[in-house]
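One structure is given here, and the rest of the page talks about it.
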Amino acid sequence: EDQNFIVDEERLFKIDATWPNTNINGYPESPYTISCWQAKTGNLIWTYTFTDQLMTVSNRQNESVFTQDDSGRYLFFSSDGKTLMLTKDNGSFITVLNMEIGDNVFSEGDSVYTLKEDGIYSISLQSGQTKKVYRGNIAKGAARRLEGKIHFLALEGMTLFRCIFDPTTEKVRLERIVDNPANDGLVSYKLLGIDVSGNIIINAITSYKNTIMVYGRDNRLSFTTFMTNSNYTATPVYDAGGNCNYLAYTWETRSGSGSSRRYYTQVKVMGIYNGYSQTNNVYDSNGSPSIASNVIFARELSGKVHVCTGAYWTWILNTNSYGNGPAHGYPERTKVFTFDPVAGTAMMGNVNDLGLGLVTREYGVFSDTLAAVQTGNNNPGLS
């Protein structure tokens, strides 16, 4: 359910299944319906319904995902080794691809290009045929088109490259990233993002260190920070224009024992350019108060930085009042951490400050201009 919705700059897209069996052992089944809403008004724009005869949908977690191209024209839904392709304006069917498309998709003329871990593939909008146009080890994470060309991160051994793909020529230029303080031969890399100014944000993880590195458009290191083990989640914080001025680490700790045991959700926000650094936390004596690894919202708004962590386990199904709530070991709730770099302060915010409404929000997705959060209704037959 964390992958069943996506937003672009104006719209929300979501897939729902049919629940013929409403008991506790029921699973969603065919037919499936993809719906599109106007984000600002909530008006339904279109729906598209399909069955297993067209494409099967996996019930396994994280095996069915939405993707979209950067032009705002095409919507992709991948599952069980295939990808359904629709137009975003009216939900018209285009084709079903015999491959799962990558997380980064870009369109150019009559072709669509997708970045996968082993290279770049082109997809013809005329024939549906695919071909590999670049072979390389592409890092996971969010690529971005800048001035017509697609920027992404690639690895050659332990060497990092900013790669720039020109879809008009299908050629890739590699620019070496030389200054890499995290390279110890054992590190794994993830591309956290590339902002609208071309700054590339990289997460480097080993068993004993979690490092964030920010490189300018000249590929020179402009900022780096680290935490001294790998159990942290690193998140770039963008403003409304797509610039990244702040970074966040989120993690969980515990202290004490018995009746004095406390479980903490911690957030640290650091300014890339202004030297700001503040940490805040919230605790509960019954269990983790929020899921630090599940950042459902992170945004710089009106000079303040908001980082919101989600909740997975809030109650137990079919137990009436017993077993539910903080006193029974289910204290997880949506938490809002608000940081004010001008005042140099950090404080707890309220879900209503961000229009979230409920404290049981579980998941979140983002575009440069929109963020959407979701809560599952844990009753069979409902979503």
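Every chain in the structure tokens takes a letter, A first, then B, and so on in the order presented; its residues are numbered from 1, and the ligands are numbered from 1 following the presented order.
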
Which residues are close to range 262-279 of chain A, i.e. within 6 Å by only C-alpha atoms, leaving aside same-chain residues fewer than 4 positions away? Reply as a tab-separated table (two decimals) with N, CA, C and O atoms, in the first residue's frame.
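Output file result39.tsv follows:
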chain	number	residue	atom	x	y	z
A	245	ASN	N	18.28	23.11	0.46
A	245	ASN	CA	19.11	23.90	1.36
A	245	ASN	C	19.39	23.20	2.69
A	245	ASN	O	20.26	23.63	3.44
A	246	TYR	N	18.64	22.13	2.97
A	246	TYR	CA	18.77	21.44	4.25
A	246	TYR	C	18.74	19.92	4.04
A	246	TYR	O	18.18	19.42	3.06
A	247	LEU	N	19.35	19.22	4.99
A	247	LEU	CA	19.38	17.77	5.02
A	247	LEU	C	18.88	17.30	6.38
A	247	LEU	O	18.99	18.02	7.37
A	248	ALA	N	18.34	16.09	6.41
A	248	ALA	CA	17.84	15.55	7.67
A	248	ALA	C	18.32	14.13	7.88
A	248	ALA	O	18.38	13.33	6.93
A	249	TYR	N	18.67	13.82	9.12
A	249	TYR	CA	18.86	12.45	9.57
A	249	TYR	C	17.73	12.10	10.53
A	249	TYR	O	17.36	12.91	11.40
A	250	THR	N	17.17	10.91	10.40
A	250	THR	CA	16.18	10.42	11.35
A	250	THR	C	16.61	9.05	11.84
A	250	THR	O	17.15	8.25	11.09
A	251	TRP	N	16.36	8.79	13.15
A	251	TRP	CA	16.76	7.49	13.71
A	251	TRP	C	16.01	7.24	15.01
A	251	TRP	O	15.33	8.12	15.54
A	252	GLU	N	16.13	6.02	15.52
A	252	GLU	CA	15.47	5.62	16.76
A	252	GLU	C	16.49	5.13	17.77
A	252	GLU	O	17.48	4.49	17.41
A	253	THR	N	16.26	5.46	19.04
A	253	THR	CA	17.11	5.00	20.14
A	253	THR	C	16.23	4.60	21.31
A	253	THR	O	15.02	4.83	21.30
A	254	ARG	N	16.86	4.02	22.32
A	254	ARG	CA	16.15	3.70	23.56
A	254	ARG	C	17.10	3.87	24.73
A	254	ARG	O	18.32	3.81	24.58
A	255	SER	N	16.52	4.07	25.91
A	255	SER	CA	17.33	4.21	27.11
A	255	SER	C	16.58	3.63	28.30
A	255	SER	O	15.35	3.50	28.26
A	283	TYR	N	9.60	10.98	22.77
A	283	TYR	CA	9.76	9.64	23.34
A	283	TYR	C	8.44	9.11	23.87
A	283	TYR	O	7.47	9.84	24.10
A	284	ASP	N	8.43	7.78	24.09
A	284	ASP	CA	7.29	7.11	24.71
A	284	ASP	C	7.83	5.94	25.52
A	284	ASP	O	8.85	5.35	25.14
A	285	SER	N	7.18	5.61	26.60
A	285	SER	CA	7.66	4.52	27.45
A	285	SER	C	7.11	3.16	27.04
A	285	SER	O	7.55	2.13	27.56
A	287	GLY	N	6.81	2.07	23.63
A	287	GLY	CA	7.35	1.64	22.35
A	287	GLY	C	7.73	2.85	21.52
A	287	GLY	O	7.60	4.00	21.97
A	288	SER	N	8.19	2.59	20.31
A	288	SER	CA	8.62	3.70	19.45
A	288	SER	C	7.45	4.64	19.17
A	288	SER	O	6.38	4.21	18.74
A	292	ALA	N	11.10	6.26	12.46
A	292	ALA	CA	12.09	7.23	11.98
A	292	ALA	C	12.49	6.98	10.53
A	292	ALA	O	12.81	7.93	9.80

Self-check item: Shell around Tyr238 in chain A at 9 Å using only C-alpha atoms, local window under 6 positions removed, as a PyMOL selection string
Solution: chain A and resi 195+244-247+298-301+368

Practice problem: Fewer than 2 positions away in the same chain doesn't count, so skip those; otherwise give me all residues within 8 Å of Val336 in chain A, counting only C-alpha atoms, as a PyMOL selection string. | Solution: chain A and resi 306-309+334+338+348-351

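Shortest atom-to-atom contact with Phe297 in chain A among A:Thr235, A:Leu75, A:Lys131, A:Phe339: A:Thr235, counting only C-alpha atoms.
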
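By only C-alpha atoms, and with residues fewer than 6 positions from Val112 in chain A along its chain excluded, the set lying at most 10 Å from it is Asp69, Asp70, Tyr74, Val105, Phe106, Tyr121, Ser122, Ile123, Ser124, Leu125, Gly128, Thr130 and Pro167 of chain A.
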
Quiz item: Quick one: distance from CA of Pro289 in chain A to CA of Arg261 in chain A in Å, one decimal?
Solution: 12.8 Å

Quiz item: What is the distance, in Å and to one decimal place, between CA of Phe76 in chain A and CA of Ile291 in chain A?
Solution: 28.8 Å

Determine, counting only C-alpha atoms, which protein, DNA and RNA residues have an atom within 10 Å of an atom of range 135-148 of chain A; residues of the same chain fewer than 4 positions away are not included. Present the result as an mmCIF file with N, CA, C and O atoms, in the first residue's frame.
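What ended up in part.cif:
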data_model
loop_
_atom_site.group_PDB
_atom_site.id
_atom_site.type_symbol
_atom_site.label_atom_id
_atom_site.label_comp_id
_atom_site.auth_asym_id
_atom_site.auth_seq_id
_atom_site.Cartn_x
_atom_site.Cartn_y
_atom_site.Cartn_z
ATOM 1 N N ASP A 70 9.049 12.691 -16.896
ATOM 2 C CA ASP A 70 9.272 14.066 -16.443
ATOM 3 C C ASP A 70 8.456 15.090 -17.209
ATOM 4 O O ASP A 70 8.318 16.229 -16.761
ATOM 5 N N SER A 71 7.888 14.714 -18.354
ATOM 6 C CA SER A 71 7.127 15.682 -19.147
ATOM 7 C C SER A 71 5.697 15.838 -18.666
ATOM 8 O O SER A 71 4.994 16.759 -19.086
ATOM 9 N N GLY A 102 12.084 1.481 -14.883
ATOM 10 C CA GLY A 102 12.840 1.996 -13.755
ATOM 11 C C GLY A 102 12.132 3.134 -13.043
ATOM 12 O O GLY A 102 11.087 3.628 -13.486
ATOM 13 N N ASP A 103 12.723 3.575 -11.933
ATOM 14 C CA ASP A 103 12.115 4.653 -11.149
ATOM 15 C C ASP A 103 12.217 6.007 -11.836
ATOM 16 O O ASP A 103 11.433 6.914 -11.540
ATOM 17 N N ASN A 104 13.203 6.184 -12.718
ATOM 18 C CA ASN A 104 13.406 7.451 -13.414
ATOM 19 C C ASN A 104 13.054 7.280 -14.891
ATOM 20 O O ASN A 104 13.631 6.427 -15.577
ATOM 21 N N VAL A 105 12.090 8.092 -15.357
ATOM 22 C CA VAL A 105 11.608 7.984 -16.736
ATOM 23 C C VAL A 105 11.568 9.378 -17.354
ATOM 24 O O VAL A 105 11.078 10.333 -16.738
ATOM 25 N N PHE A 106 12.065 9.477 -18.593
ATOM 26 C CA PHE A 106 12.124 10.758 -19.290
ATOM 27 C C PHE A 106 11.661 10.549 -20.730
ATOM 28 O O PHE A 106 11.998 9.535 -21.362
ATOM 29 N N GLU A 108 11.257 11.975 -24.760
ATOM 30 C CA GLU A 108 11.877 12.840 -25.774
ATOM 31 C C GLU A 108 11.362 12.400 -27.137
ATOM 32 O O GLU A 108 11.629 11.275 -27.586
ATOM 33 N N LEU A 115 15.868 4.758 -16.629
ATOM 34 C CA LEU A 115 17.137 4.413 -16.000
ATOM 35 C C LEU A 115 16.924 3.217 -15.082
ATOM 36 O O LEU A 115 16.076 3.254 -14.186
ATOM 37 N N LYS A 116 17.676 2.159 -15.325
ATOM 38 C CA LYS A 116 17.670 0.986 -14.462
ATOM 39 C C LYS A 116 19.091 0.777 -13.948
ATOM 40 O O LYS A 116 20.025 1.450 -14.402
ATOM 41 N N GLU A 117 19.276 -0.146 -13.025
ATOM 42 C CA GLU A 117 20.582 -0.291 -12.395
ATOM 43 C C GLU A 117 21.671 -0.713 -13.375
ATOM 44 O O GLU A 117 22.848 -0.437 -13.143
ATOM 45 N N ASP A 118 21.300 -1.360 -14.470
ATOM 46 C CA ASP A 118 22.309 -1.835 -15.426
ATOM 47 C C ASP A 118 22.425 -0.964 -16.664
ATOM 48 O O ASP A 118 23.148 -1.313 -17.606
ATOM 49 N N GLY A 119 21.707 0.172 -16.709
ATOM 50 C CA GLY A 119 21.842 1.041 -17.865
ATOM 51 C C GLY A 119 20.581 1.816 -18.188
ATOM 52 O O GLY A 119 19.629 1.867 -17.400
ATOM 53 N N ILE A 120 20.572 2.425 -19.374
ATOM 54 C CA ILE A 120 19.440 3.218 -19.858
ATOM 55 C C ILE A 120 18.776 2.477 -21.013
ATOM 56 O O ILE A 120 19.457 2.005 -21.938
ATOM 57 N N TYR A 121 17.447 2.398 -20.967
ATOM 58 C CA TYR A 121 16.669 1.737 -22.015
ATOM 59 C C TYR A 121 15.768 2.756 -22.695
ATOM 60 O O TYR A 121 15.200 3.630 -22.034
ATOM 61 N N PHE A 152 22.449 11.895 -13.689
ATOM 62 C CA PHE A 152 22.301 10.786 -12.755
ATOM 63 C C PHE A 152 23.673 10.404 -12.223
ATOM 64 O O PHE A 152 24.707 10.945 -12.653
ATOM 65 N N LEU A 153 23.701 9.489 -11.265
ATOM 66 C CA LEU A 153 24.939 9.055 -10.625
ATOM 67 C C LEU A 153 25.269 7.642 -11.077
ATOM 68 O O LEU A 153 24.406 6.758 -11.064
ATOM 69 N N ALA A 154 26.521 7.426 -11.459
ATOM 70 C CA ALA A 154 26.975 6.096 -11.868
ATOM 71 C C ALA A 154 28.262 5.747 -11.143
ATOM 72 O O ALA A 154 29.000 6.628 -10.681
ATOM 73 N N LEU A 155 28.515 4.450 -11.039
ATOM 74 C CA LEU A 155 29.688 3.942 -10.341
ATOM 75 C C LEU A 155 30.528 3.110 -11.296
ATOM 76 O O LEU A 155 30.010 2.312 -12.078
ATOM 77 N N GLU A 156 31.833 3.301 -11.204
ATOM 78 C CA GLU A 156 32.795 2.435 -11.888
ATOM 79 C C GLU A 156 33.772 1.988 -10.820
ATOM 80 O O GLU A 156 34.686 2.733 -10.453
ATOM 81 N N GLY A 157 33.567 0.780 -10.279
ATOM 82 C CA GLY A 157 34.337 0.380 -9.122
ATOM 83 C C GLY A 157 33.924 1.241 -7.946
ATOM 84 O O GLY A 157 32.762 1.323 -7.583
ATOM 85 N N LEU A 160 33.016 7.592 -8.454
ATOM 86 C CA LEU A 160 31.713 8.179 -8.706
ATOM 87 C C LEU A 160 31.763 9.083 -9.931
ATOM 88 O O LEU A 160 32.737 9.801 -10.147
ATOM 89 N N PHE A 161 30.686 9.048 -10.703
ATOM 90 C CA PHE A 161 30.574 9.920 -11.872
ATOM 91 C C PHE A 161 29.195 10.575 -11.889
ATOM 92 O O PHE A 161 28.184 9.911 -11.672
ATOM 93 N N CYS A 163 26.777 11.580 -14.432
ATOM 94 C CA CYS A 163 26.566 11.233 -15.834
ATOM 95 C C CYS A 163 25.491 12.136 -16.419
ATOM 96 O O CYS A 163 24.482 12.430 -15.770
ATOM 97 N N ILE A 164 25.707 12.580 -17.650
ATOM 98 C CA ILE A 164 24.782 13.493 -18.319
ATOM 99 C C ILE A 164 24.380 12.854 -19.643
ATOM 100 O O ILE A 164 25.208 12.694 -20.548
ATOM 101 N N PHE A 165 23.120 12.477 -19.729
ATOM 102 C CA PHE A 165 22.588 11.781 -20.902
ATOM 103 C C PHE A 165 21.806 12.749 -21.764
ATOM 104 O O PHE A 165 20.909 13.447 -21.292
ATOM 105 N N ASP A 166 22.168 12.810 -23.049
ATOM 106 C CA ASP A 166 21.467 13.652 -24.017
ATOM 107 C C ASP A 166 20.502 12.776 -24.805
ATOM 108 O O ASP A 166 20.929 11.976 -25.652
ATOM 109 N N PRO A 167 19.198 12.868 -24.558
ATOM 110 C CA PRO A 167 18.258 11.977 -25.245
ATOM 111 C C PRO A 167 18.133 12.263 -26.737
ATOM 112 O O PRO A 167 17.661 11.402 -27.483
ATOM 113 N N THR A 168 18.565 13.423 -27.187
ATOM 114 C CA THR A 168 18.479 13.714 -28.620
ATOM 115 C C THR A 168 19.544 12.970 -29.410
ATOM 116 O O THR A 168 19.370 12.697 -30.596
ATOM 117 N N VAL A 172 26.091 9.598 -23.576
ATOM 118 C CA VAL A 172 26.314 9.884 -22.166
ATOM 119 C C VAL A 172 27.700 10.477 -21.970
ATOM 120 O O VAL A 172 28.690 9.952 -22.497
ATOM 121 N N SER A 188 28.583 1.639 0.136
ATOM 122 C CA SER A 188 27.526 1.557 -0.861
ATOM 123 C C SER A 188 26.921 2.944 -1.022
ATOM 124 O O SER A 188 26.807 3.699 -0.052
ATOM 125 N N TYR A 189 26.534 3.284 -2.255
ATOM 126 C CA TYR A 189 26.083 4.632 -2.560
ATOM 127 C C TYR A 189 24.628 4.644 -2.997
ATOM 128 O O TYR A 189 24.141 3.728 -3.657
ATOM 129 N N LYS A 190 23.948 5.741 -2.643
ATOM 130 C CA LYS A 190 22.599 6.000 -3.114
ATOM 131 C C LYS A 190 22.497 7.463 -3.485
ATOM 132 O O LYS A 190 23.018 8.328 -2.774
ATOM 133 N N LEU A 191 21.843 7.750 -4.603
ATOM 134 C CA LEU A 191 21.592 9.131 -5.006
ATOM 135 C C LEU A 191 20.350 9.619 -4.281
ATOM 136 O O LEU A 191 19.226 9.202 -4.582
ATOM 137 N N LEU A 192 20.524 10.503 -3.296
ATOM 138 C CA LEU A 192 19.383 11.053 -2.569
ATOM 139 C C LEU A 192 18.577 12.007 -3.435
ATOM 140 O O LEU A 192 17.360 12.121 -3.290
ATOM 141 N N GLY A 193 19.260 12.711 -4.340
ATOM 142 C CA GLY A 193 18.540 13.613 -5.223
ATOM 143 C C GLY A 193 19.460 14.587 -5.913
ATOM 144 O O GLY A 193 20.651 14.700 -5.596
ATOM 145 N N ILE A 194 18.894 15.283 -6.887
ATOM 146 C CA ILE A 194 19.569 16.377 -7.588
ATOM 147 C C ILE A 194 18.583 17.535 -7.592
ATOM 148 O O ILE A 194 17.437 17.385 -8.032
ATOM 149 N N ASP A 195 19.000 18.693 -7.094
ATOM 150 C CA ASP A 195 18.047 19.800 -7.034
ATOM 151 C C ASP A 195 18.061 20.586 -8.333
ATOM 152 O O ASP A 195 18.813 20.273 -9.272
ATOM 153 N N VAL A 196 17.221 21.628 -8.414
ATOM 154 C CA VAL A 196 17.049 22.355 -9.669
ATOM 155 C C VAL A 196 18.288 23.156 -10.051
ATOM 156 O O VAL A 196 18.429 23.578 -11.206
ATOM 157 N N SER A 197 19.201 23.364 -9.098
ATOM 158 C CA SER A 197 20.444 24.078 -9.398
ATOM 159 C C SER A 197 21.555 23.137 -9.841
ATOM 160 O O SER A 197 22.664 23.589 -10.146
ATOM 161 N N GLY A 198 21.272 21.843 -9.861
ATOM 162 C CA GLY A 198 22.268 20.872 -10.290
ATOM 163 C C GLY A 198 23.113 20.303 -9.171
ATOM 164 O O GLY A 198 24.029 19.515 -9.432
ATOM 165 N N ILE A 200 24.149 17.770 -6.521
ATOM 166 C CA ILE A 200 23.904 16.339 -6.438
ATOM 167 C C ILE A 200 24.140 15.883 -4.991
ATOM 168 O O ILE A 200 25.172 16.209 -4.392
ATOM 169 N N ILE A 201 23.165 15.182 -4.427
ATOM 170 C CA ILE A 201 23.182 14.804 -3.014
ATOM 171 C C ILE A 201 23.321 13.293 -2.929
ATOM 172 O O ILE A 201 22.444 12.550 -3.409
ATOM 173 N N ILE A 202 24.387 12.815 -2.302
ATOM 174 C CA ILE A 202 24.739 11.396 -2.294
ATOM 175 C C ILE A 202 24.778 10.888 -0.853
ATOM 176 O O ILE A 202 25.316 11.551 0.032
ATOM 177 N N ASN A 203 24.241 9.703 -0.643
ATOM 178 C CA ASN A 203 24.308 9.019 0.650
ATOM 179 C C ASN A 203 25.293 7.856 0.521
ATOM 180 O O ASN A 203 25.144 7.004 -0.359
#
